[in-house]
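I have placed the structure first, in the form of structure tokens, so that the comments after it can refer back to it.
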Amino acid sequence: MLIALENQKLVDAIAAVRHHAYQCPACQRTVILHHGTHVAPYFAHQNLGTCAVATEGETQQHILGKRQLAKFFGAWGPVTFEKNLPEIQQRADCWVARTQPVAVEFQCSPIGAEQVAQRTAGYRKVGAYPCWLLGERFGRQKIGWSLIDRFASPLRGWGLCLLFWDVGRQQIRVVHHLYQDATGSYGYWQSWVASLSELEAGNQRRLWVPPINVRQFRHDLNQKLMRATPALRPLQETLYLHGYHLAGFPTAFVTQHVTLPLFGQGLLVWRAVVGAWLFALRGTVLTPATIDRLAVQGLLVIGGHLRAGRFDGKVGLARAQHDFIQELIAAGYLGRVKSGWQINAEPQWAADYTVWLKNDEKKSG
Ligand SMILES: [Zn+2]
């Protein structure tokens, strides 16, 4: 930590003197000043005990970063280091005082989704905007559900994003407009931001999503099914009951749309499952309630999520449903009736997938 108490006054480690008596501002226990030639000064508890806000094992990266961030966020208002918030038993790495205060968390150590959610809720409770900036450890992780679930948050001008603080460059690396393409691959863009005005300005680049390769995707699905990939098992079982092979989904289901990164195995596979269920209801009227139910069930079967820690997937799922139904109507498979839709024709699944593959090999060989 950078701040300790001396005679009931807060002292910055930079201004502290060796061998003075310092206490933790939260638990009042003794803290020791650490100061070396290659080490930026900081305090650490003598005995960790049960301090609610202790950050022991704090790295030099964290200590350095906090000082840099205080400077970076200074343009928004006066910044306090390690602001103690006793009512929620939390301590913000940096606290920016403004109409809506900003609680900056520079996260360098491992942390679980539960704890992130709890701390985020704590800051909201005291009226602060929680801003998570991730350190090196997280920067090395692959962008996927684990990071997105814990830390991704919508930010004006940047879509859904993750923020990384780079201590070397003293800049924010913004991983923005996070999405999943129809095959379930995660996509994003990356921009370096050197000031708050650049952050406020938002993304200035033209964004272009590369199209998916459906043939390759079918091939990959088939390979995964042959290797009995666990994530696909519930899907194949669901479809098998209807006599379908996952990789043989109808061409009518193909889409180039992207989704919020909540779609597990991806939009195409979701369409395959929901489509199989939907067309099994031939002879009945498909009501909006039925479609809603199938859409949610489908999302769960493909390993998707209705929400993440800091954003909701309801609107995105409603859009996926809407687009699918509209395309099926346009292609003549569904027709509007009074209380919903009826099935006019059924899209063709590839009946014998191995034959389909052999044809494919001939073409490519
Ligand atoms: Zn303490």
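To be explicit about the labels: the chains of the structure tokens are called A, B, and onward in the order shown, and within each one the residues are counted from 1, while ligands get numbers from 1 in the order they are shown.
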Which residues sit within 12 Å of ligand 1, counting only C-alpha atoms and all ligand atoms, listed as a ChimeraX atom specification? /A:1,3-5,22-32,43-56,82,84,86,89-91
Residues flagged strand (DSSP E) by DSSP in segment 3-210 of chain A, as an MDAnalysis selection string: chainID A and resid 3:6 9:12 22:23 30:34 42:45 79:85 90:96 102:107 129:134 153:155 159:166 171:180 186:193
Excluding Leu232 of chain A and its own-chain neighbours fewer than 6 positions away, which residues fall within 8 Å of it when counting only C-alpha atoms? Please give them as a count of residues only. 3
Nearest-residue call for Gly74 of chain A, choices A:Ile88, A:Val274, A:Ile343, A:Val102, using only C-alpha atoms: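 Of A:Ile88, A:Val274, A:Ile343, A:Val102, the one nearest Gly74 of chain A is A:Val102, counting only C-alpha atoms.
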Selection: 12 Å around Arg293 of chain A, only C-alpha atoms, excl. self and same-chain fewer than 3 positions, as a list of chain:residue names: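 Everything that qualifies: A:Val274, A:Trp277, A:Leu278, A:Leu286, A:Thr287, A:Pro288, A:Ala289, A:Thr290, A:Val296, A:Gln297, A:Gly298, A:Leu299, A:Leu300, A:Leu317, A:Ala318, A:Gln321.
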Backbone DSSP call of helix (DSSP H, G or I) for segment 120-354 of chain A, listed as a VMD selection string: chain A and resid 120 to 125 136 to 139 145 to 151 196 to 201 214 to 226 230 to 240 246 to 248 251 to 253 267 to 279 288 to 301 314 to 330 353 to 354
Fewer than 3 positions away in the same chain doesn't count, so skip those; otherwise give me all residues within 7 Å of Gly187 of chain A, counting only C-alpha atoms, as a list in words. Leu178, Tyr179 and Gln180 of chain A
Near-Gly112 of chain A list (12 Å; only C-alpha atoms; drop same-chain fewer than 6 positions) as a PyMOL selection string: chain A and resi 118-119+146-147+149-151+309
Could those selected residues go to a file with N, CA, C and O atoms, as a CSV table (one decimal), in the first residue's frame?
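Generated file (part.csv):
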chain,number,residue,atom,x,y,z
A,118,GLN,N,-18.8,-8.7,-6.5
A,118,GLN,CA,-19.0,-8.1,-5.2
A,118,GLN,C,-18.4,-6.7,-5.0
A,118,GLN,O,-19.1,-5.8,-4.5
A,119,ARG,N,-17.2,-6.6,-5.5
A,119,ARG,CA,-16.5,-5.3,-5.4
A,119,ARG,C,-17.2,-4.2,-6.3
A,119,ARG,O,-17.4,-3.1,-5.9
A,146,SER,N,-13.8,-16.1,-19.8
A,146,SER,CA,-13.4,-15.9,-18.5
A,146,SER,C,-13.1,-14.4,-18.2
A,146,SER,O,-13.5,-13.9,-17.2
A,147,LEU,N,-12.4,-13.8,-19.1
A,147,LEU,CA,-12.1,-12.3,-18.9
A,147,LEU,C,-13.3,-11.5,-19.2
A,147,LEU,O,-13.6,-10.6,-18.4
A,149,ASP,N,-16.5,-12.3,-18.9
A,149,ASP,CA,-17.5,-12.5,-17.8
A,149,ASP,C,-17.2,-11.6,-16.6
A,149,ASP,O,-18.0,-11.0,-16.0
A,150,ARG,N,-15.9,-11.6,-16.2
A,150,ARG,CA,-15.5,-10.9,-15.0
A,150,ARG,C,-15.4,-9.4,-15.3
A,150,ARG,O,-15.9,-8.6,-14.5
A,151,PHE,N,-14.8,-8.9,-16.4
A,151,PHE,CA,-14.4,-7.5,-16.5
A,151,PHE,C,-15.0,-6.7,-17.7
A,151,PHE,O,-14.9,-5.5,-17.6
A,309,GLY,N,-21.0,-10.6,-15.9
A,309,GLY,CA,-20.8,-9.8,-14.7
A,309,GLY,C,-21.3,-8.3,-14.9
A,309,GLY,O,-22.0,-7.8,-14.0
Considering only C-alpha atoms, return as a PyMOL selection string whatever protein or nucleic-acid residues lie within 6 Å of Cys161 of chain A, sequence-local ones (same chain, fewer than 4 positions apart) excluded. chain A and resi 152-154+175-176
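Using only C-alpha atoms for every distance, the candidate list A:Ile143, A:Ala92, A:Val273, A:Ala40 yields A:Ala92 as the residue closest to Tyr129 of chain A.
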Using only C-alpha atoms, find the one residue out of A:Leu155, A:Ala345, A:Val258, A:Ile148 that sits nearest to Phe279 of chain A.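 Nearest candidate to Phe279 of chain A out of A:Leu155, A:Ala345, A:Val258, A:Ile148: A:Ala345.
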One decimal, in Å: what's the spacing between atom CA of Gln100 of chain A and atom CA of Gly127 of chain A?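 It comes out at 6.8 Å.
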Just give me the gap between atom CA of Phe73 of chain A and atom CA of Lys142 of chain A in Å, one decimal is fine. 27.4 Å
